[in-house]
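Next comes target-v4.cif, with mmCIF, C-alpha atoms and all ligand atoms.
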```cif
data_entry
loop_
_atom_site.label_atom_id
_atom_site.label_comp_id
_atom_site.auth_asym_id
_atom_site.auth_seq_id
_atom_site.Cartn_x
_atom_site.Cartn_y
_atom_site.Cartn_z
CA PRO A 1362 91.88 122.63 107.55
CA LEU A 1363 92.12 120.17 104.64
CA VAL A 1364 94.22 121.91 101.97
CA THR A 1365 95.73 121.06 98.58
CA SER A 1366 99.51 121.00 98.18
CA LYS A 1367 99.53 123.83 95.60
CA GLU A 1368 100.64 126.66 97.90
CA MET A 1369 102.70 124.28 100.05
CA PHE A 1370 104.80 123.29 97.04
CA GLN A 1371 105.18 126.86 95.76
CA LYS A 1372 106.54 127.95 99.14
CA ALA A 1373 108.73 124.84 99.41
CA TYR A 1374 110.18 125.37 95.93
CA GLU A 1375 111.00 129.00 96.64
CA GLY A 1376 112.32 128.19 100.11
CA GLY A 1377 114.46 125.28 98.96
CA TYR A 1378 112.87 122.86 101.42
CA ALA A 1379 110.50 119.88 101.03
CA VAL A 1380 107.21 118.84 102.65
CA GLY A 1381 107.04 115.38 104.23
CA ALA A 1382 104.47 112.93 102.86
CA PHE A 1383 103.90 110.32 105.53
CA ASN A 1384 101.94 107.12 104.96
CA VAL A 1385 99.12 106.51 107.42
CA ASN A 1386 97.44 103.17 108.27
CA ASN A 1387 95.98 103.53 111.77
CA MET A 1388 95.17 105.94 114.61
CA GLU A 1389 98.53 105.86 116.40
CA ILE A 1390 100.50 106.56 113.24
CA ILE A 1391 98.27 109.52 112.37
CA GLN A 1392 98.45 110.85 115.93
CA GLY A 1393 102.25 110.55 116.07
CA ILE A 1394 102.74 112.35 112.76
CA VAL A 1395 100.28 115.13 113.53
CA GLU A 1396 101.65 115.74 117.04
CA ALA A 1397 105.10 116.19 115.50
CA GLY A 1398 103.72 118.56 112.86
CA LYS A 1399 102.03 120.58 115.58
CA GLU A 1400 105.17 120.85 117.71
CA GLU A 1401 107.34 121.82 114.74
CA ASN A 1402 104.66 123.99 113.18
CA ALA A 1403 105.21 122.21 109.86
CA PRO A 1404 102.93 121.56 106.86
CA LEU A 1405 101.93 117.90 106.55
CA ILE A 1406 100.87 115.53 103.79
CA LEU A 1407 99.13 112.42 105.11
CA GLN A 1408 99.06 109.83 102.37
CA VAL A 1409 96.89 106.75 102.02
CA SER A 1410 97.91 103.85 99.78
CA ALA A 1411 95.57 101.22 98.36
CA GLY A 1412 96.97 98.86 100.98
CA ALA A 1413 96.06 101.30 103.74
CA ARG A 1414 92.49 101.58 102.40
CA LYS A 1415 92.19 97.80 102.47
CA TYR A 1416 93.71 97.51 105.96
CA ALA A 1417 91.77 100.29 107.75
CA LYS A 1418 88.76 100.90 105.43
CA PRO A 1419 88.58 104.35 103.80
CA VAL A 1420 85.93 105.77 106.13
CA TYR A 1421 88.09 105.15 109.25
CA LEU A 1422 91.11 106.88 107.72
CA ARG A 1423 89.05 109.81 106.49
CA LYS A 1424 87.42 110.30 109.89
CA LEU A 1425 90.77 109.97 111.69
CA VAL A 1426 92.29 112.67 109.47
CA GLU A 1427 89.24 114.88 110.04
CA ALA A 1428 89.73 114.33 113.77
CA ALA A 1429 93.41 115.30 113.49
CA ILE A 1430 92.46 118.55 111.77
CA GLU A 1431 89.74 119.32 114.33
CA ASP A 1432 92.13 118.53 117.17
CA THR A 1433 95.11 120.57 115.91
CA GLY A 1434 93.84 123.12 113.38
CA LEU A 1435 96.87 122.25 111.19
CA PRO A 1436 96.75 122.65 107.39
CA ILE A 1437 96.84 119.02 106.21
CA VAL A 1438 96.81 117.49 102.73
CA LEU A 1439 94.97 114.18 102.43
CA HIS A 1440 96.65 112.42 99.49
CA LEU A 1441 96.07 109.13 97.68
CA ASP A 1442 99.44 107.41 97.23
CA HIS A 1443 99.98 105.27 94.10
CA GLY A 1444 96.47 105.34 92.68
CA GLU A 1445 96.43 102.41 90.23
CA ASN A 1446 93.61 103.53 87.95
CA PHE A 1447 91.07 106.27 87.28
CA GLU A 1448 88.41 104.62 89.46
CA ILE A 1449 90.36 104.72 92.74
CA CYS A 1450 91.44 108.32 92.03
CA LYS A 1451 87.82 109.29 91.33
CA ALA A 1452 86.67 107.53 94.51
CA CYS A 1453 89.18 109.48 96.59
CA VAL A 1454 88.33 112.81 94.94
CA ASP A 1455 84.65 112.10 95.67
CA ASP A 1456 85.68 111.08 99.21
CA GLY A 1457 87.14 114.51 99.98
CA PHE A 1458 90.85 113.90 99.30
CA THR A 1459 92.64 117.14 98.36
CA SER A 1460 95.34 115.45 96.27
CA VAL A 1461 95.62 112.17 94.35
CA MET A 1462 98.47 110.31 92.64
CA ILE A 1463 97.74 108.42 89.47
CA ASP A 1464 100.70 106.08 89.03
CA GLY A 1465 100.79 105.22 85.34
CA SER A 1466 104.52 104.53 85.37
CA LYS A 1467 104.12 100.87 84.52
CA HIS A 1468 102.32 101.79 81.27
CA PRO A 1469 103.98 102.91 78.02
CA PHE A 1470 104.46 106.68 77.71
CA GLU A 1471 101.32 107.43 75.69
CA GLU A 1472 99.09 105.34 77.97
CA ASN A 1473 100.58 107.01 81.05
CA ILE A 1474 99.71 110.37 79.48
CA ALA A 1475 96.17 109.31 78.62
CA ILE A 1476 95.28 107.99 82.09
CA THR A 1477 96.95 110.94 83.80
CA LYS A 1478 95.02 113.43 81.66
CA GLN A 1479 91.77 111.67 82.56
CA VAL A 1480 92.49 111.99 86.28
CA VAL A 1481 93.71 115.60 85.95
CA GLU A 1482 90.47 116.57 84.21
CA TYR A 1483 88.27 114.99 86.86
CA ALA A 1484 90.35 116.22 89.80
CA HIS A 1485 90.96 119.81 88.64
CA GLU A 1486 87.22 120.29 88.05
CA ARG A 1487 86.81 119.63 91.76
CA GLY A 1488 89.78 121.66 93.03
CA VAL A 1489 91.94 118.60 93.69
CA VAL A 1490 95.61 118.44 92.64
CA VAL A 1491 97.29 115.51 90.87
CA GLU A 1492 100.68 113.80 91.17
CA ALA A 1493 101.85 111.45 88.41
CA GLU A 1494 104.94 109.29 87.91
CA LEU A 1495 107.27 109.00 84.93
CA GLY A 1496 110.07 106.43 84.98
CA LYS A 1497 110.21 103.37 87.23
CA LEU A 1498 111.67 103.23 90.74
CA ALA A 1499 114.78 101.02 90.68
CA GLY A 1500 113.94 97.40 91.45
CA ILE A 1501 115.55 95.75 94.48
CA GLU A 1502 117.89 93.86 92.19
CA ASP A 1503 120.59 96.49 92.36
CA ASN A 1504 122.88 94.69 89.97
CA VAL A 1505 120.57 95.55 87.08
CA LYS A 1506 122.83 96.58 84.19
CA VAL A 1507 123.44 100.33 83.91
CA THR A 1508 121.62 100.48 80.57
CA GLU A 1509 118.51 98.93 82.12
CA ARG A 1510 118.63 101.37 85.03
CA GLU A 1511 119.01 104.19 82.53
CA ALA A 1512 115.95 102.87 80.72
CA THR A 1513 113.88 102.98 83.87
CA PHE A 1514 114.96 106.39 85.17
CA THR A 1515 112.96 109.49 84.24
CA ASP A 1516 113.93 110.94 80.84
CA PRO A 1517 114.13 114.78 81.17
CA ASP A 1518 112.84 115.43 77.63
CA GLN A 1519 109.91 113.09 78.17
CA ALA A 1520 109.21 114.80 81.50
CA VAL A 1521 108.72 118.17 79.79
CA GLU A 1522 106.36 116.69 77.20
CA PHE A 1523 104.51 114.73 79.89
CA VAL A 1524 103.88 117.78 82.08
CA GLU A 1525 102.82 119.93 79.12
CA ARG A 1526 100.42 117.34 77.72
CA THR A 1527 98.80 116.27 81.01
CA GLY A 1528 98.58 119.47 83.08
CA VAL A 1529 99.64 117.50 86.13
CA ASP A 1530 100.59 119.47 89.29
CA SER A 1531 103.63 117.47 90.43
CA LEU A 1532 105.75 114.64 89.06
CA ALA A 1533 107.34 111.68 90.85
CA VAL A 1534 110.73 111.08 89.25
CA ALA A 1535 112.90 107.95 89.20
CA ILE A 1536 116.54 108.81 89.90
CA GLY A 1537 117.65 105.70 91.82
CA THR A 1538 115.33 105.33 94.80
CA SER A 1539 113.08 102.34 95.45
CA HIS A 1540 110.42 101.44 98.01
CA GLY A 1541 111.18 99.49 101.17
CA ALA A 1542 114.20 98.83 103.34
CA TYR A 1543 116.57 97.30 100.78
CA LYS A 1544 117.26 100.14 98.38
CA PHE A 1545 120.90 99.57 97.56
CA LYS A 1546 123.20 96.59 97.57
CA GLY A 1547 126.27 98.71 97.01
CA GLU A 1548 126.87 102.37 97.89
CA PRO A 1549 123.68 104.50 97.93
CA LYS A 1550 123.62 106.66 94.79
CA LEU A 1551 121.09 109.05 93.25
CA ASP A 1552 121.32 110.48 89.73
CA PHE A 1553 121.62 114.20 90.63
CA GLU A 1554 122.76 115.14 87.13
CA ARG A 1555 119.46 113.81 85.85
CA LEU A 1556 117.54 115.64 88.60
CA GLU A 1557 119.34 118.88 87.75
CA LYS A 1558 118.48 118.47 84.05
CA ILE A 1559 114.80 117.90 84.86
CA THR A 1560 114.71 120.93 87.17
CA LYS A 1561 116.39 123.13 84.54
CA MET A 1562 113.88 122.05 81.90
CA LEU A 1563 110.90 122.41 84.25
CA PRO A 1564 111.79 125.47 86.34
CA GLY A 1565 109.42 125.98 89.29
CA PHE A 1566 107.62 122.68 88.69
CA PRO A 1567 107.27 120.55 91.89
CA LEU A 1568 109.02 117.17 91.81
CA VAL A 1569 108.33 114.25 94.15
CA LEU A 1570 110.74 111.66 95.55
CA HIS A 1571 109.34 108.21 96.33
CA GLY A 1572 111.31 105.53 98.16
CA ALA A 1573 113.04 108.24 100.18
CA SER A 1574 113.40 106.56 103.58
CA THR A 1575 116.89 106.55 105.07
CA VAL A 1576 116.49 103.23 106.93
CA LEU A 1577 118.39 104.67 109.90
CA PRO A 1578 120.82 102.00 111.21
CA GLU A 1579 119.98 102.50 114.88
CA PHE A 1580 116.37 101.50 114.21
CA VAL A 1581 117.35 98.46 112.17
CA GLU A 1582 119.74 97.43 114.97
CA SER A 1583 117.04 97.94 117.60
CA CYS A 1584 114.55 95.86 115.62
CA ASN A 1585 117.16 93.10 115.29
CA LYS A 1586 118.18 93.36 118.95
CA TYR A 1587 114.63 92.68 120.12
CA GLY A 1588 113.79 89.72 117.94
CA GLY A 1589 113.65 91.18 114.45
CA SER A 1590 115.62 90.01 111.43
CA ILE A 1591 116.19 92.78 108.89
CA PRO A 1592 119.69 92.08 107.55
CA GLY A 1593 121.40 94.38 105.08
CA ALA A 1594 118.70 97.06 105.08
CA LYS A 1595 119.95 100.29 103.46
CA GLY A 1596 118.25 103.55 102.47
CA VAL A 1597 118.93 107.04 101.14
CA PRO A 1598 121.42 109.04 103.27
CA GLU A 1599 119.76 112.12 104.75
CA GLU A 1600 122.38 114.40 103.17
CA MET A 1601 121.20 113.28 99.72
CA LEU A 1602 117.60 114.03 100.62
CA LYS A 1603 118.52 117.53 101.81
CA LYS A 1604 120.36 118.07 98.51
CA ALA A 1605 117.31 116.91 96.53
CA ALA A 1606 115.06 119.23 98.56
CA GLY A 1607 117.13 122.14 97.29
CA MET A 1608 116.84 120.94 93.70
CA GLY A 1609 113.12 121.17 93.01
CA VAL A 1610 111.96 118.17 95.07
CA CYS A 1611 109.00 119.56 97.08
CA LYS A 1612 107.50 116.30 98.41
CA ILE A 1613 109.50 113.52 100.04
CA ASN A 1614 107.68 110.22 100.73
CA ILE A 1615 108.48 108.51 104.03
CA ASP A 1616 106.93 105.21 105.09
CA THR A 1617 109.66 102.66 105.83
CA ASP A 1618 111.39 104.90 108.42
CA LEU A 1619 108.08 105.22 110.27
CA ARG A 1620 107.57 101.45 110.16
CA LEU A 1621 111.07 100.78 111.51
CA ALA A 1622 110.72 103.36 114.28
CA MET A 1623 107.35 101.98 115.40
CA THR A 1624 108.44 98.34 115.13
CA ALA A 1625 111.68 98.89 117.07
CA SER A 1626 109.77 100.67 119.82
CA VAL A 1627 107.04 98.05 120.14
CA ARG A 1628 109.55 95.18 120.07
CA LYS A 1629 111.66 96.91 122.73
CA TYR A 1630 108.66 97.65 124.94
CA LEU A 1631 107.36 94.08 124.78
CA ALA A 1632 110.85 92.63 125.41
CA GLU A 1633 111.39 94.90 128.43
CA ASN A 1634 107.88 94.50 129.86
CA PRO A 1635 107.05 90.80 129.54
CA SER A 1636 104.18 90.99 132.00
CA GLU A 1637 102.49 93.90 130.19
CA PHE A 1638 99.60 93.11 127.86
CA ASP A 1639 97.74 96.41 127.62
CA PRO A 1640 97.81 97.45 123.90
CA ARG A 1641 97.74 101.10 124.96
CA LYS A 1642 101.20 100.60 126.48
CA TYR A 1643 103.01 99.13 123.46
CA LEU A 1644 100.98 100.96 120.81
CA GLY A 1645 101.57 104.12 122.85
CA ALA A 1646 105.30 103.44 122.75
CA GLY A 1647 105.03 102.98 119.00
CA ARG A 1648 103.13 106.25 118.66
CA ASP A 1649 105.84 108.11 120.58
CA ALA A 1650 108.48 106.64 118.26
CA ILE A 1651 106.54 107.79 115.19
CA LYS A 1652 106.34 111.29 116.64
CA GLU A 1653 110.08 111.46 117.35
CA MET A 1654 110.91 110.12 113.86
CA VAL A 1655 108.69 112.70 112.16
CA ARG A 1656 110.12 115.52 114.26
CA HIS A 1657 113.61 114.36 113.28
CA LYS A 1658 112.70 114.30 109.58
CA ILE A 1659 111.02 117.71 109.69
CA LYS A 1660 113.99 119.41 111.39
CA ASN A 1661 116.97 117.53 109.96
CA VAL A 1662 115.92 116.51 106.46
CA LEU A 1663 112.91 118.39 105.12
CA GLY A 1664 113.58 121.81 106.62
CA CYS A 1665 109.85 122.63 106.67
CA ASN A 1666 109.65 123.42 110.40
CA GLY A 1667 107.97 126.76 111.04
CA LYS A 1668 107.07 127.14 107.33
O1 LIG B 1 107.46 106.16 98.47
C1 LIG B 1 106.89 105.54 99.34
C2 LIG B 1 107.62 105.10 100.60
O2 LIG B 1 108.99 104.98 100.38
P1 LIG B 1 109.89 104.32 101.53
O3 LIG B 1 109.65 102.84 101.50
O4 LIG B 1 111.32 104.67 101.17
O5 LIG B 1 109.48 104.92 102.85
N1 LIG B 1 105.55 105.25 99.26
O6 LIG B 1 104.84 105.70 98.20
C3 LIG B 1 104.86 104.42 100.25
C4 LIG B 1 104.29 103.19 99.59
C5 LIG B 1 103.58 102.34 100.64
O7 LIG B 1 102.75 101.41 99.95
P2 LIG B 1 102.03 100.24 100.77
O8 LIG B 1 101.13 100.87 101.80
O9 LIG B 1 101.27 99.49 99.71
O10 LIG B 1 103.10 99.41 101.42
ZN ZN B 2 105.90 105.44 96.43
#
```
Go through the file and emit its structure as structure tokens.
Amino acid sequence: PLVTSKEMFQKAYEGGYAVGAFNVNNMEIIQGIVEAGKEENAPLILQVSAGARKYAKPVYLRKLVEAAIEDTGLPIVLHLDHGENFEICKACVDDGFTSVMIDGSKHPFEENIAITKQVVEYAHERGVVVEAELGKLAGIEDNVKVTEREATFTDPDQAVEFVERTGVDSLAVAIGTSHGAYKFKGEPKLDFERLEKITKMLPGFPLVLHGASTVLPEFVESCNKYGGSIPGAKGVPEEMLKKAAGMGVCKINIDTDLRLAMTASVRKYLAENPSEFDPRKYLGAGRDAIKEMVRHKIKNVLGCNGK
């Protein structure tokens, strides 16, 4: 069935594990993720960004997720990722989403609170949960001065006030991650002291980690071996993610690792089968790669298998 993440996060917090939030853009990606969830008997959050809605059209994604639920009977959260404004959050709530993110992190503190409250009000009235963001994910320019990075990371005191004043159900925190495949120029580093402070000041409150892909080297190498060019890609080591999962992070966002797995597999298939031109063959290979990647994440990073 379609469920909210409320109980999922409570169980994850108590169990010291995290639930995977996987971005979906087409049928094969959804099928790969859901097959993995079925095999590992794991809770799943399928998340749709604004870009995904533009690419696939909302109705296709909604129907594909409904099909996944009908096909597997799994409890699945359908979540809006990075909702820019009240309107898109409202549209998704009205569209049957069970969770929405309002990302007001680019606004000043008070404006972020105001827009988040507006979404919380609308969503809670309809039994939908809300994720917000406080603090900005590190930009790609890693050599930003420490003070600037400090200024963009989530302030623990502000986090307490933010949660109290908005009634939001979970909070995406900025502790050094960033979206995409180029997260660090130097050594990967997350601000665990800051995370610990936030968790201590908000005991039991679910935190969310964006930009949490590992950018596994073997997939970058495979992409590059078969015609890709993704130099210097670096992500968050899986050990750090496991540590964060034990420190109040209940939702870990993964998109780039799925993209790399699918791309490496499709490139490899096409390179090794030059005479093949049936999309079911190379998209099928991509789907299998998505499934294996999600199984790997569930068992070796999130720890939500069998939960
Ligand atoms: O946190 C993440 C993914 O982090 P990752 O890049 O480390 O996988 N996300 O919210 C995914 C953002 C995807 O947006 P778009 O569809 O516009 O490209
Ligand atoms: Zn994100």
Coordinates-based distance that separates atom CA of A:Leu1532 from atom CA of A:Thr1477 (Å, one decimal):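 Interatomic distance, atom CA of A:Thr1477 to atom CA of A:Leu1532: 10.9 Å.
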For A:Val1627: contacts at 12 Å, all atoms listed in the file, fewer than 3 positions along chain excluded, given as a count of residues only: 31
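Atom CA of A:Ala1606 lies 24.2 Å from atom CA of A:Ala1512.
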Neighbour list for stretch 1462-1468 of chain A as a ChimeraX atom specification, cut-off 7 Å, only C-alpha atoms, skip fewer than 3 positions in-chain: /A:1441-1446,1450,1472-1473,1476-1477,1491-1497
Contacts to ligand LIG 1 (chain B) at 8 Å cut-off (only C-alpha atoms and all ligand atoms) as a PyMOL selection string: chain A and resi 1383-1384+1386+1409-1413+1442-1443+1538-1542+1544+1570-1576+1596-1597+1613-1619
Pick from A:Met1654, A:His1440, A:Gly1393, A:Ser1590 nearest to ligand ZN 2 (chain B), counting all atoms listed in the file: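 Answer, going by the shortest atom-to-atom distance: A:His1440.
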9 Å contact set for A:Glu1401, all atoms listed in the file, chain neighbours under 4 positions out, as a list in words: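 Contacts, in chain order: Glu1396, Ala1397, Arg1656, Ile1659, Lys1660, Cys1665, Asn1666 and Gly1667 of chain A.
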Got time to write the residues from that selection, C-alpha atoms, as a compact mmCIF listing (two decimals), keeping the file's coordinate frame?
```txt
# COMPACT_ATOMS: atom_id res chain seq x y z
CA GLU A 1396 101.65 115.74 117.04
CA ALA A 1397 105.10 116.19 115.50
CA ARG A 1656 110.12 115.52 114.26
CA ILE A 1659 111.02 117.71 109.69
CA LYS A 1660 113.99 119.41 111.39
CA CYS A 1665 109.85 122.63 106.67
CA ASN A 1666 109.65 123.42 110.40
CA GLY A 1667 107.97 126.76 111.04
```
Pairwise distance for atom CA of A:Lys1399 and atom CA of A:Lys1372, rounded to one decimal in Å: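 Taking atom CA of A:Lys1399 as the start and atom CA of A:Lys1372 as the end point, the length is 18.6 Å.
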Surrounding residues of A:Phe1566 excluding itself and chain neighbours under 2 positions, 12 Å, all atoms listed in the file, as a PyMOL selection string: chain A and resi 1367+1370-1375+1492+1520-1521+1524-1525+1528-1533+1559-1564+1568-1569+1608-1612
From A:Phe1470, A:Phe1553, A:Phe1458, A:Phe1545, residue lying nearest A:Thr1365 [all atoms listed in the file]: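 Closest candidate: A:Phe1458.
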Among listed residues A:Ser1460, A:Gln1408, A:Asn1402, A:Gln1519, nearest ligand ZN 2 (chain B) (using all atoms listed in the file): A:Gln1408
